[in-house]
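Novice: File follows, target-v1.pdb with PDB, N, CA and C atoms:
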ATOM      1  N   MET A 660     -30.104 -63.933 -56.577
ATOM      2  CA  MET A 660     -30.777 -64.924 -55.768
ATOM      3  C   MET A 660     -31.632 -64.185 -54.734
ATOM      4  N   LEU A 661     -32.904 -64.413 -54.785
ATOM      5  CA  LEU A 661     -33.838 -63.785 -53.848
ATOM      6  C   LEU A 661     -33.968 -64.682 -52.623
ATOM      7  N   GLU A 662     -33.766 -64.141 -51.460
ATOM      8  CA  GLU A 662     -33.788 -64.920 -50.229
ATOM      9  C   GLU A 662     -35.104 -64.735 -49.484
ATOM     10  N   SER A 663     -35.415 -65.708 -48.629
ATOM     11  CA  SER A 663     -36.705 -65.721 -47.940
ATOM     12  C   SER A 663     -36.943 -64.465 -47.106
ATOM     13  N   TRP A 664     -35.926 -64.005 -46.398
ATOM     14  CA  TRP A 664     -36.138 -62.854 -45.523
ATOM     15  C   TRP A 664     -36.511 -61.618 -46.342
ATOM     16  N   ALA A 665     -35.923 -61.483 -47.536
ATOM     17  CA  ALA A 665     -36.233 -60.327 -48.376
ATOM     18  C   ALA A 665     -37.679 -60.391 -48.858
ATOM     19  N   VAL A 666     -38.142 -61.581 -49.225
ATOM     20  CA  VAL A 666     -39.537 -61.752 -49.653
ATOM     21  C   VAL A 666     -40.482 -61.443 -48.498
ATOM     22  N   LEU A 667     -40.153 -61.915 -47.318
ATOM     23  CA  LEU A 667     -41.010 -61.653 -46.155
ATOM     24  C   LEU A 667     -41.076 -60.156 -45.842
ATOM     25  N   ARG A 668     -39.952 -59.447 -45.926
ATOM     26  CA  ARG A 668     -39.971 -57.992 -45.714
ATOM     27  C   ARG A 668     -40.784 -57.307 -46.805
ATOM     28  N   HIS A 669     -40.711 -57.816 -48.028
ATOM     29  CA  HIS A 669     -41.505 -57.284 -49.136
ATOM     30  C   HIS A 669     -42.998 -57.461 -48.842
ATOM     31  N   LEU A 670     -43.375 -58.630 -48.371
ATOM     32  CA  LEU A 670     -44.785 -58.891 -48.051
ATOM     33  C   LEU A 670     -45.280 -58.004 -46.914
ATOM     34  N   GLU A 671     -44.381 -57.638 -46.011
ATOM     35  CA  GLU A 671     -44.719 -56.750 -44.891
ATOM     36  C   GLU A 671     -44.639 -55.280 -45.282
ATOM     37  N   ASN A 672     -44.160 -55.016 -46.497
ATOM     38  CA  ASN A 672     -43.941 -53.654 -46.984
ATOM     39  C   ASN A 672     -42.962 -52.893 -46.084
ATOM     40  N   ALA A 673     -41.932 -53.606 -45.625
ATOM     41  CA  ALA A 673     -40.923 -53.023 -44.739
ATOM     42  C   ALA A 673     -39.907 -52.224 -45.542
ATOM     43  N   VAL A 674     -39.672 -51.001 -45.122
ATOM     44  CA  VAL A 674     -38.718 -50.111 -45.776
ATOM     45  C   VAL A 674     -37.331 -50.386 -45.202
ATOM     46  N   PRO A 675     -36.252 -50.401 -45.978
ATOM     47  CA  PRO A 675     -36.177 -50.161 -47.406
ATOM     48  C   PRO A 675     -36.258 -51.430 -48.251
ATOM     49  N   THR A 676     -36.257 -52.593 -47.610
ATOM     50  CA  THR A 676     -36.168 -53.850 -48.349
ATOM     51  C   THR A 676     -37.300 -54.038 -49.341
ATOM     52  N   ALA A 677     -38.525 -53.676 -48.971
ATOM     53  CA  ALA A 677     -39.662 -53.857 -49.879
ATOM     54  C   ALA A 677     -39.431 -53.129 -51.199
ATOM     55  N   GLY A 678     -38.855 -51.954 -51.127
ATOM     56  CA  GLY A 678     -38.564 -51.193 -52.341
ATOM     57  C   GLY A 678     -37.534 -51.871 -53.223
ATOM     58  N   PHE A 679     -36.499 -52.446 -52.599
ATOM     59  CA  PHE A 679     -35.479 -53.164 -53.366
ATOM     60  C   PHE A 679     -36.082 -54.371 -54.069
ATOM     61  N   VAL A 680     -36.929 -55.106 -53.355
ATOM     62  CA  VAL A 680     -37.553 -56.301 -53.940
ATOM     63  C   VAL A 680     -38.500 -55.896 -55.061
ATOM     64  N   THR A 681     -39.288 -54.867 -54.849
ATOM     65  CA  THR A 681     -40.207 -54.396 -55.890
ATOM     66  C   THR A 681     -39.432 -53.997 -57.141
ATOM     67  N   ASP A 682     -38.343 -53.251 -56.970
ATOM     68  CA  ASP A 682     -37.509 -52.853 -58.112
ATOM     69  C   ASP A 682     -36.947 -54.072 -58.833
ATOM     70  N   LEU A 683     -36.482 -55.049 -58.076
ATOM     71  CA  LEU A 683     -35.936 -56.270 -58.673
ATOM     72  C   LEU A 683     -37.008 -57.013 -59.468
ATOM     73  N   LEU A 684     -38.194 -57.146 -58.895
ATOM     74  CA  LEU A 684     -39.280 -57.858 -59.571
ATOM     75  C   LEU A 684     -39.769 -57.115 -60.807
ATOM     76  N   ASP A 685     -39.647 -55.805 -60.808
ATOM     77  CA  ASP A 685     -40.016 -55.012 -61.988
ATOM     78  C   ASP A 685     -39.028 -55.215 -63.134
ATOM     79  N   ARG A 686     -37.764 -55.492 -62.806
ATOM     80  CA  ARG A 686     -36.712 -55.628 -63.818
ATOM     81  C   ARG A 686     -36.550 -57.040 -64.358
ATOM     82  N   GLU A 687     -36.774 -58.034 -63.517
ATOM     83  CA  GLU A 687     -36.458 -59.407 -63.911
ATOM     84  C   GLU A 687     -37.263 -60.415 -63.098
ATOM     85  N   ARG A 688     -37.089 -61.667 -63.458
ATOM     86  CA  ARG A 688     -37.683 -62.778 -62.712
ATOM     87  C   ARG A 688     -36.536 -63.443 -61.952
ATOM     88  N   PRO A 689     -36.300 -63.018 -60.698
ATOM     89  CA  PRO A 689     -35.120 -63.487 -59.970
ATOM     90  C   PRO A 689     -35.210 -64.964 -59.582
ATOM     91  N   LEU A 690     -34.043 -65.540 -59.358
ATOM     92  CA  LEU A 690     -33.963 -66.906 -58.860
ATOM     93  C   LEU A 690     -34.292 -66.936 -57.377
ATOM     94  N   MET A 691     -34.929 -68.018 -56.945
ATOM     95  CA  MET A 691     -35.192 -68.257 -55.530
ATOM     96  C   MET A 691     -35.102 -69.760 -55.327
ATOM     97  N   SER A 692     -34.423 -70.195 -54.285
ATOM     98  CA  SER A 692     -34.295 -71.625 -54.040
ATOM     99  C   SER A 692     -35.589 -72.176 -53.444
ATOM    100  N   TRP A 693     -35.780 -73.480 -53.628
ATOM    101  CA  TRP A 693     -36.934 -74.152 -53.016
ATOM    102  C   TRP A 693     -36.871 -74.053 -51.498
ATOM    103  N   ILE A 694     -35.672 -74.034 -50.962
ATOM    104  CA  ILE A 694     -35.521 -73.914 -49.504
ATOM    105  C   ILE A 694     -36.048 -72.568 -49.031
ATOM    106  N   ASP A 695     -35.685 -71.492 -49.736
ATOM    107  CA  ASP A 695     -36.176 -70.164 -49.361
ATOM    108  C   ASP A 695     -37.693 -70.069 -49.534
ATOM    109  N   LEU A 696     -38.227 -70.652 -50.609
ATOM    110  CA  LEU A 696     -39.678 -70.660 -50.797
ATOM    111  C   LEU A 696     -40.353 -71.440 -49.670
ATOM    112  N   GLY A 697     -39.731 -72.540 -49.257
ATOM    113  CA  GLY A 697     -40.261 -73.321 -48.134
ATOM    114  C   GLY A 697     -40.278 -72.535 -46.837
ATOM    115  N   GLU A 698     -39.266 -71.712 -46.619
ATOM    116  CA  GLU A 698     -39.239 -70.863 -45.419
ATOM    117  C   GLU A 698     -40.376 -69.849 -45.443
ATOM    118  N   VAL A 699     -40.602 -69.247 -46.606
ATOM    119  CA  VAL A 699     -41.720 -68.299 -46.748
ATOM    120  C   VAL A 699     -43.035 -69.031 -46.499
ATOM    121  N   HIS A 700     -43.188 -70.205 -47.092
ATOM    122  CA  HIS A 700     -44.374 -71.050 -46.920
ATOM    123  C   HIS A 700     -44.655 -71.280 -45.438
ATOM    124  N   TYR A 701     -43.647 -71.709 -44.701
ATOM    125  CA  TYR A 701     -43.792 -72.043 -43.287
ATOM    126  C   TYR A 701     -44.164 -70.821 -42.449
ATOM    127  N   ILE A 702     -43.457 -69.722 -42.665
ATOM    128  CA  ILE A 702     -43.682 -68.524 -41.850
ATOM    129  C   ILE A 702     -45.050 -67.910 -42.136
ATOM    130  N   VAL A 703     -45.426 -67.822 -43.408
ATOM    131  CA  VAL A 703     -46.742 -67.260 -43.749
ATOM    132  C   VAL A 703     -47.853 -68.149 -43.195
ATOM    133  N   ARG A 704     -47.696 -69.449 -43.297
ATOM    134  CA  ARG A 704     -48.724 -70.363 -42.781
ATOM    135  C   ARG A 704     -48.896 -70.201 -41.271
ATOM    136  N   ARG A 705     -47.801 -70.132 -40.548
ATOM    137  CA  ARG A 705     -47.900 -69.973 -39.085
ATOM    138  C   ARG A 705     -48.513 -68.633 -38.698
ATOM    139  N   ALA A 706     -48.149 -67.588 -39.423
ATOM    140  CA  ALA A 706     -48.602 -66.244 -39.058
ATOM    141  C   ALA A 706     -50.007 -65.925 -39.565
ATOM    142  N   HIS A 707     -50.377 -66.458 -40.740
ATOM    143  CA  HIS A 707     -51.613 -66.010 -41.377
ATOM    144  C   HIS A 707     -52.554 -67.131 -41.813
ATOM    145  N   GLY A 708     -52.125 -68.385 -41.674
ATOM    146  CA  GLY A 708     -53.011 -69.495 -41.991
ATOM    147  C   GLY A 708     -52.805 -70.111 -43.366
ATOM    148  N   GLU A 709     -53.521 -71.208 -43.567
ATOM    149  CA  GLU A 709     -53.382 -72.025 -44.776
ATOM    150  C   GLU A 709     -53.754 -71.271 -46.050
ATOM    151  N   ASP A 710     -54.853 -70.544 -46.044
ATOM    152  CA  ASP A 710     -55.283 -69.833 -47.255
ATOM    153  C   ASP A 710     -54.259 -68.786 -47.689
ATOM    154  N   ALA A 711     -53.727 -68.025 -46.736
ATOM    155  CA  ALA A 711     -52.712 -67.021 -47.058
ATOM    156  C   ALA A 711     -51.449 -67.677 -47.589
ATOM    157  N   LYS A 712     -51.082 -68.817 -47.020
ATOM    158  CA  LYS A 712     -49.898 -69.547 -47.476
ATOM    159  C   LYS A 712     -50.065 -69.998 -48.917
ATOM    160  N   ILE A 713     -51.208 -70.578 -49.226
ATOM    161  CA  ILE A 713     -51.462 -71.062 -50.586
ATOM    162  C   ILE A 713     -51.401 -69.916 -51.586
ATOM    163  N   GLU A 714     -52.051 -68.828 -51.271
ATOM    164  CA  GLU A 714     -52.071 -67.666 -52.167
ATOM    165  C   GLU A 714     -50.671 -67.074 -52.355
ATOM    166  N   THR A 715     -49.930 -66.938 -51.269
ATOM    167  CA  THR A 715     -48.595 -66.344 -51.328
ATOM    168  C   THR A 715     -47.644 -67.192 -52.165
ATOM    169  N   VAL A 716     -47.623 -68.502 -51.917
ATOM    170  CA  VAL A 716     -46.722 -69.383 -52.662
ATOM    171  C   VAL A 716     -47.113 -69.423 -54.136
ATOM    172  N   ARG A 717     -48.399 -69.481 -54.420
ATOM    173  CA  ARG A 717     -48.858 -69.471 -55.813
ATOM    174  C   ARG A 717     -48.410 -68.196 -56.512
ATOM    175  N   ASP A 718     -48.591 -67.053 -55.865
ATOM    176  CA  ASP A 718     -48.196 -65.774 -56.457
ATOM    177  C   ASP A 718     -46.683 -65.699 -56.662
ATOM    178  N   LEU A 719     -45.912 -66.150 -55.682
ATOM    179  CA  LEU A 719     -44.458 -66.119 -55.803
ATOM    180  C   LEU A 719     -43.970 -66.985 -56.952
ATOM    181  N   ARG A 720     -44.548 -68.162 -57.101
ATOM    182  CA  ARG A 720     -44.112 -69.052 -58.180
ATOM    183  C   ARG A 720     -44.377 -68.443 -59.553
ATOM    184  N   GLY A 721     -45.291 -67.479 -59.623
ATOM    185  CA  GLY A 721     -45.561 -66.803 -60.883
ATOM    186  C   GLY A 721     -44.593 -65.669 -61.204
ATOM    187  N   ILE A 722     -43.844 -65.188 -60.194
ATOM    188  CA  ILE A 722     -42.969 -64.035 -60.424
ATOM    189  C   ILE A 722     -41.496 -64.299 -60.160
ATOM    190  N   VAL A 723     -41.166 -65.461 -59.578
ATOM    191  CA  VAL A 723     -39.764 -65.816 -59.361
ATOM    192  C   VAL A 723     -39.472 -67.149 -60.035
ATOM    193  N   ASP A 724     -38.206 -67.383 -60.314
ATOM    194  CA  ASP A 724     -37.743 -68.630 -60.903
ATOM    195  C   ASP A 724     -37.253 -69.501 -59.753
ATOM    196  N   VAL A 725     -38.072 -70.476 -59.355
ATOM    197  CA  VAL A 725     -37.752 -71.316 -58.201
ATOM    198  C   VAL A 725     -36.972 -72.534 -58.692
ATOM    199  N   ARG A 726     -35.814 -72.755 -58.092
ATOM    200  CA  ARG A 726     -34.946 -73.868 -58.469
ATOM    201  C   ARG A 726     -34.350 -74.515 -57.231
ATOM    202  N   ASN A 727     -33.923 -75.764 -57.420
ATOM    203  CA  ASN A 727     -33.148 -76.423 -56.369
ATOM    204  C   ASN A 727     -31.801 -75.744 -56.299
ATOM    205  N   ARG A 728     -31.350 -75.504 -55.108
ATOM    206  CA  ARG A 728     -30.033 -74.899 -54.941
ATOM    207  C   ARG A 728     -28.989 -75.984 -55.122
ATOM    208  N   THR A 729     -28.106 -75.785 -56.052
ATOM    209  CA  THR A 729     -27.041 -76.750 -56.292
ATOM    210  C   THR A 729     -25.873 -76.416 -55.381
ATOM    211  N   PRO A 730     -24.976 -77.383 -55.130
ATOM    212  CA  PRO A 730     -23.805 -77.063 -54.293
ATOM    213  C   PRO A 730     -23.022 -75.867 -54.830
ATOM    214  N   ARG A 731     -22.896 -75.771 -56.148
ATOM    215  CA  ARG A 731     -22.163 -74.650 -56.735
ATOM    216  C   ARG A 731     -22.885 -73.329 -56.473
ATOM    217  N   ALA A 732     -24.196 -73.306 -56.687
ATOM    218  CA  ALA A 732     -24.963 -72.079 -56.442
ATOM    219  C   ALA A 732     -24.945 -71.714 -54.966
ATOM    220  N   GLY A 733     -24.968 -72.719 -54.080
ATOM    221  CA  GLY A 733     -24.937 -72.452 -52.649
ATOM    222  C   GLY A 733     -23.667 -71.756 -52.227
ATOM    223  N   ARG A 734     -22.540 -72.163 -52.819
ATOM    224  CA  ARG A 734     -21.258 -71.516 -52.494
ATOM    225  C   ARG A 734     -21.213 -70.095 -53.015
ATOM    226  N   ARG A 735     -21.881 -69.839 -54.130
ATOM    227  CA  ARG A 735     -21.839 -68.517 -54.748
ATOM    228  C   ARG A 735     -22.969 -67.624 -54.278
ATOM    229  N   GLY A 736     -23.860 -68.141 -53.442
ATOM    230  CA  GLY A 736     -25.063 -67.414 -53.062
ATOM    231  C   GLY A 736     -24.822 -66.037 -52.478
ATOM    232  N   ALA A 737     -23.770 -65.879 -51.671
ATOM    233  CA  ALA A 737     -23.520 -64.574 -51.054
ATOM    234  C   ALA A 737     -23.132 -63.525 -52.083
ATOM    235  N   ARG A 738     -22.529 -63.959 -53.182
ATOM    236  CA  ARG A 738     -22.149 -63.026 -54.248
ATOM    237  C   ARG A 738     -23.255 -62.897 -55.278
ATOM    238  N   GLY A 739     -24.215 -63.793 -55.251
ATOM    239  CA  GLY A 739     -25.260 -63.805 -56.264
ATOM    240  C   GLY A 739     -24.831 -64.649 -57.438
ATOM    241  N   LEU A 740     -25.749 -65.023 -58.252
ATOM    242  CA  LEU A 740     -25.434 -65.833 -59.414
ATOM    243  C   LEU A 740     -24.927 -64.945 -60.534
ATOM    244  N   GLY A 741     -24.022 -65.470 -61.315
ATOM    245  CA  GLY A 741     -23.521 -64.746 -62.470
ATOM    246  C   GLY A 741     -22.632 -63.569 -62.122
ATOM    247  N   GLY A 742     -22.047 -63.560 -60.936
ATOM    248  CA  GLY A 742     -21.088 -62.524 -60.588
ATOM    249  C   GLY A 742     -21.704 -61.254 -60.028
ATOM    250  N   GLY A 743     -23.037 -61.176 -59.926
ATOM    251  CA  GLY A 743     -23.676 -59.995 -59.361
ATOM    252  C   GLY A 743     -23.686 -60.074 -57.844
ATOM    253  N   THR A 744     -24.480 -59.221 -57.227
ATOM    254  CA  THR A 744     -24.605 -59.282 -55.776
ATOM    255  C   THR A 744     -25.988 -59.791 -55.432
ATOM    256  N   SER A 745     -26.089 -60.476 -54.323
ATOM    257  CA  SER A 745     -27.392 -60.968 -53.907
ATOM    258  C   SER A 745     -28.191 -59.822 -53.290
ATOM    259  N   LEU A 746     -29.493 -59.989 -53.236
ATOM    260  CA  LEU A 746     -30.336 -58.972 -52.630
ATOM    261  C   LEU A 746     -29.987 -58.803 -51.159
ATOM    262  N   CYS A 747     -29.576 -59.875 -50.513
ATOM    263  CA  CYS A 747     -29.206 -59.824 -49.100
ATOM    264  C   CYS A 747     -28.084 -58.822 -48.873
ATOM    265  N   ARG A 748     -27.000 -58.932 -49.613
ATOM    266  CA  ARG A 748     -25.867 -58.015 -49.438
ATOM    267  C   ARG A 748     -26.209 -56.608 -49.881
ATOM    268  N   THR A 749     -26.952 -56.461 -50.967
ATOM    269  CA  THR A 749     -27.304 -55.146 -51.483
ATOM    270  C   THR A 749     -28.186 -54.399 -50.486
ATOM    271  N   ALA A 750     -29.227 -55.051 -49.980
ATOM    272  CA  ALA A 750     -30.134 -54.396 -49.049
ATOM    273  C   ALA A 750     -29.441 -54.063 -47.748
ATOM    274  N   THR A 751     -28.588 -54.959 -47.262
ATOM    275  CA  THR A 751     -27.871 -54.709 -46.010
ATOM    276  C   THR A 751     -26.944 -53.513 -46.153
ATOM    277  N   ALA A 752     -26.213 -53.447 -47.256
ATOM    278  CA  ALA A 752     -25.275 -52.341 -47.462
ATOM    279  C   ALA A 752     -26.006 -51.011 -47.589
ATOM    280  N   LYS A 753     -27.138 -50.990 -48.291
ATOM    281  CA  LYS A 753     -27.848 -49.746 -48.509
ATOM    282  C   LYS A 753     -28.611 -49.280 -47.284
ATOM    283  N   SER A 754     -28.967 -50.216 -46.380
ATOM    284  CA  SER A 754     -29.751 -49.816 -45.220
ATOM    285  C   SER A 754     -28.883 -49.555 -43.992
ATOM    286  N   SER A 755     -27.591 -49.904 -44.060
ATOM    287  CA  SER A 755     -26.700 -49.675 -42.929
ATOM    288  C   SER A 755     -26.213 -48.236 -42.916
ATOM    289  N   PRO A 756     -26.264 -47.577 -41.739
ATOM    290  CA  PRO A 756     -25.769 -46.200 -41.672
ATOM    291  C   PRO A 756     -24.253 -46.160 -41.826
ATOM    292  N   GLY A 757     -23.789 -45.073 -42.468
ATOM    293  CA  GLY A 757     -22.383 -44.765 -42.603
ATOM    294  C   GLY A 757     -21.599 -45.777 -43.257
TER     295      GLY A 757
END
Mind turning this structure into structure tokens?

Specialist:
Amino acid sequence: MLESWAVLRHLENAVPTAGFVTDLLDRERPLMSWIDLGEVHYIVRRAHGEDAKIETVRDLRGIVDVRNRTPRAGRRGARGLGGGTSLCRTATAKSSPG
């Protein structure tokens, strides 16, 4: 499950998260909830305007699988879907010292 904050760090090319997101996008078409896409939409629009928002959301919809978050998926979100780990936990663990 790709979360909004990870996408925003990817768009900012922030290390190390941008690298994790790029690697994930190279391997698969990750899931992203409509809520997370909406957060990206809102933040990009406020920071960069309507045209940037339209372009960003259009591009994201072409590379991620956007779905409604179901109650079951919401409960499993911290672990990721299908028993894996979410990008949130993976990036946090890899970027934390010691």

Novice: Taking the file as I've supplied it (selection: the PyMOL selection byres (((chain A and resi 681-695 and name CA) around 8) and name CA)), which residues are included? Please answer as a PyMOL selection string.

Specialist: chain A and resi 660-663+669+677-680+696-699+722-728

Novice: Any chance you can output those residues with N, CA and C atoms as an mmCIF file, in the frame of the given file?

Specialist:
data_model
loop_
_atom_site.group_PDB
_atom_site.id
_atom_site.type_symbol
_atom_site.label_atom_id
_atom_site.label_comp_id
_atom_site.auth_asym_id
_atom_site.auth_seq_id
_atom_site.Cartn_x
_atom_site.Cartn_y
_atom_site.Cartn_z
ATOM 1 N N MET A 660 -30.104 -63.933 -56.577
ATOM 2 C CA MET A 660 -30.777 -64.924 -55.768
ATOM 3 C C MET A 660 -31.632 -64.185 -54.734
ATOM 4 N N LEU A 661 -32.904 -64.413 -54.785
ATOM 5 C CA LEU A 661 -33.838 -63.785 -53.848
ATOM 6 C C LEU A 661 -33.968 -64.682 -52.623
ATOM 7 N N GLU A 662 -33.766 -64.141 -51.460
ATOM 8 C CA GLU A 662 -33.788 -64.920 -50.229
ATOM 9 C C GLU A 662 -35.104 -64.735 -49.484
ATOM 10 N N SER A 663 -35.415 -65.708 -48.629
ATOM 11 C CA SER A 663 -36.705 -65.721 -47.940
ATOM 12 C C SER A 663 -36.943 -64.465 -47.106
ATOM 13 N N HIS A 669 -40.711 -57.816 -48.028
ATOM 14 C CA HIS A 669 -41.505 -57.284 -49.136
ATOM 15 C C HIS A 669 -42.998 -57.461 -48.842
ATOM 16 N N ALA A 677 -38.525 -53.676 -48.971
ATOM 17 C CA ALA A 677 -39.662 -53.857 -49.879
ATOM 18 C C ALA A 677 -39.431 -53.129 -51.199
ATOM 19 N N GLY A 678 -38.855 -51.954 -51.127
ATOM 20 C CA GLY A 678 -38.564 -51.193 -52.341
ATOM 21 C C GLY A 678 -37.534 -51.871 -53.223
ATOM 22 N N PHE A 679 -36.499 -52.446 -52.599
ATOM 23 C CA PHE A 679 -35.479 -53.164 -53.366
ATOM 24 C C PHE A 679 -36.082 -54.371 -54.069
ATOM 25 N N VAL A 680 -36.929 -55.106 -53.355
ATOM 26 C CA VAL A 680 -37.553 -56.301 -53.940
ATOM 27 C C VAL A 680 -38.500 -55.896 -55.061
ATOM 28 N N LEU A 696 -38.227 -70.652 -50.609
ATOM 29 C CA LEU A 696 -39.678 -70.660 -50.797
ATOM 30 C C LEU A 696 -40.353 -71.440 -49.670
ATOM 31 N N GLY A 697 -39.731 -72.540 -49.257
ATOM 32 C CA GLY A 697 -40.261 -73.321 -48.134
ATOM 33 C C GLY A 697 -40.278 -72.535 -46.837
ATOM 34 N N GLU A 698 -39.266 -71.712 -46.619
ATOM 35 C CA GLU A 698 -39.239 -70.863 -45.419
ATOM 36 C C GLU A 698 -40.376 -69.849 -45.443
ATOM 37 N N VAL A 699 -40.602 -69.247 -46.606
ATOM 38 C CA VAL A 699 -41.720 -68.299 -46.748
ATOM 39 C C VAL A 699 -43.035 -69.031 -46.499
ATOM 40 N N ILE A 722 -43.844 -65.188 -60.194
ATOM 41 C CA ILE A 722 -42.969 -64.035 -60.424
ATOM 42 C C ILE A 722 -41.496 -64.299 -60.160
ATOM 43 N N VAL A 723 -41.166 -65.461 -59.578
ATOM 44 C CA VAL A 723 -39.764 -65.816 -59.361
ATOM 45 C C VAL A 723 -39.472 -67.149 -60.035
ATOM 46 N N ASP A 724 -38.206 -67.383 -60.314
ATOM 47 C CA ASP A 724 -37.743 -68.630 -60.903
ATOM 48 C C ASP A 724 -37.253 -69.501 -59.753
ATOM 49 N N VAL A 725 -38.072 -70.476 -59.355
ATOM 50 C CA VAL A 725 -37.752 -71.316 -58.201
ATOM 51 C C VAL A 725 -36.972 -72.534 -58.692
ATOM 52 N N ARG A 726 -35.814 -72.755 -58.092
ATOM 53 C CA ARG A 726 -34.946 -73.868 -58.469
ATOM 54 C C ARG A 726 -34.350 -74.515 -57.231
ATOM 55 N N ASN A 727 -33.923 -75.764 -57.420
ATOM 56 C CA ASN A 727 -33.148 -76.423 -56.369
ATOM 57 C C ASN A 727 -31.801 -75.744 -56.299
ATOM 58 N N ARG A 728 -31.350 -75.504 -55.108
ATOM 59 C CA ARG A 728 -30.033 -74.899 -54.941
ATOM 60 C C ARG A 728 -28.989 -75.984 -55.122
#

Novice: Using backbone DSSP assignments, extract all alpha helix (DSSP H) residues from stretch 683-713 of chain A; output them as JSON, numbers by chain.

Specialist: {"A": [683, 684, 685, 686, 693, 694, 695, 696, 697, 698, 699, 700, 701, 702, 703, 704, 705, 706, 707, 709, 710, 711, 712, 713]}

Novice: Quick one: distance from atom CA of A:Glu671 to atom CA of A:His700 in Å, one decimal?

Specialist: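 A separation of 14.4 Å between them.
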
Novice: Do you have the atom N of A:His707-atom C of A:Thr676 distance handy?

Specialist: 20.0 Å
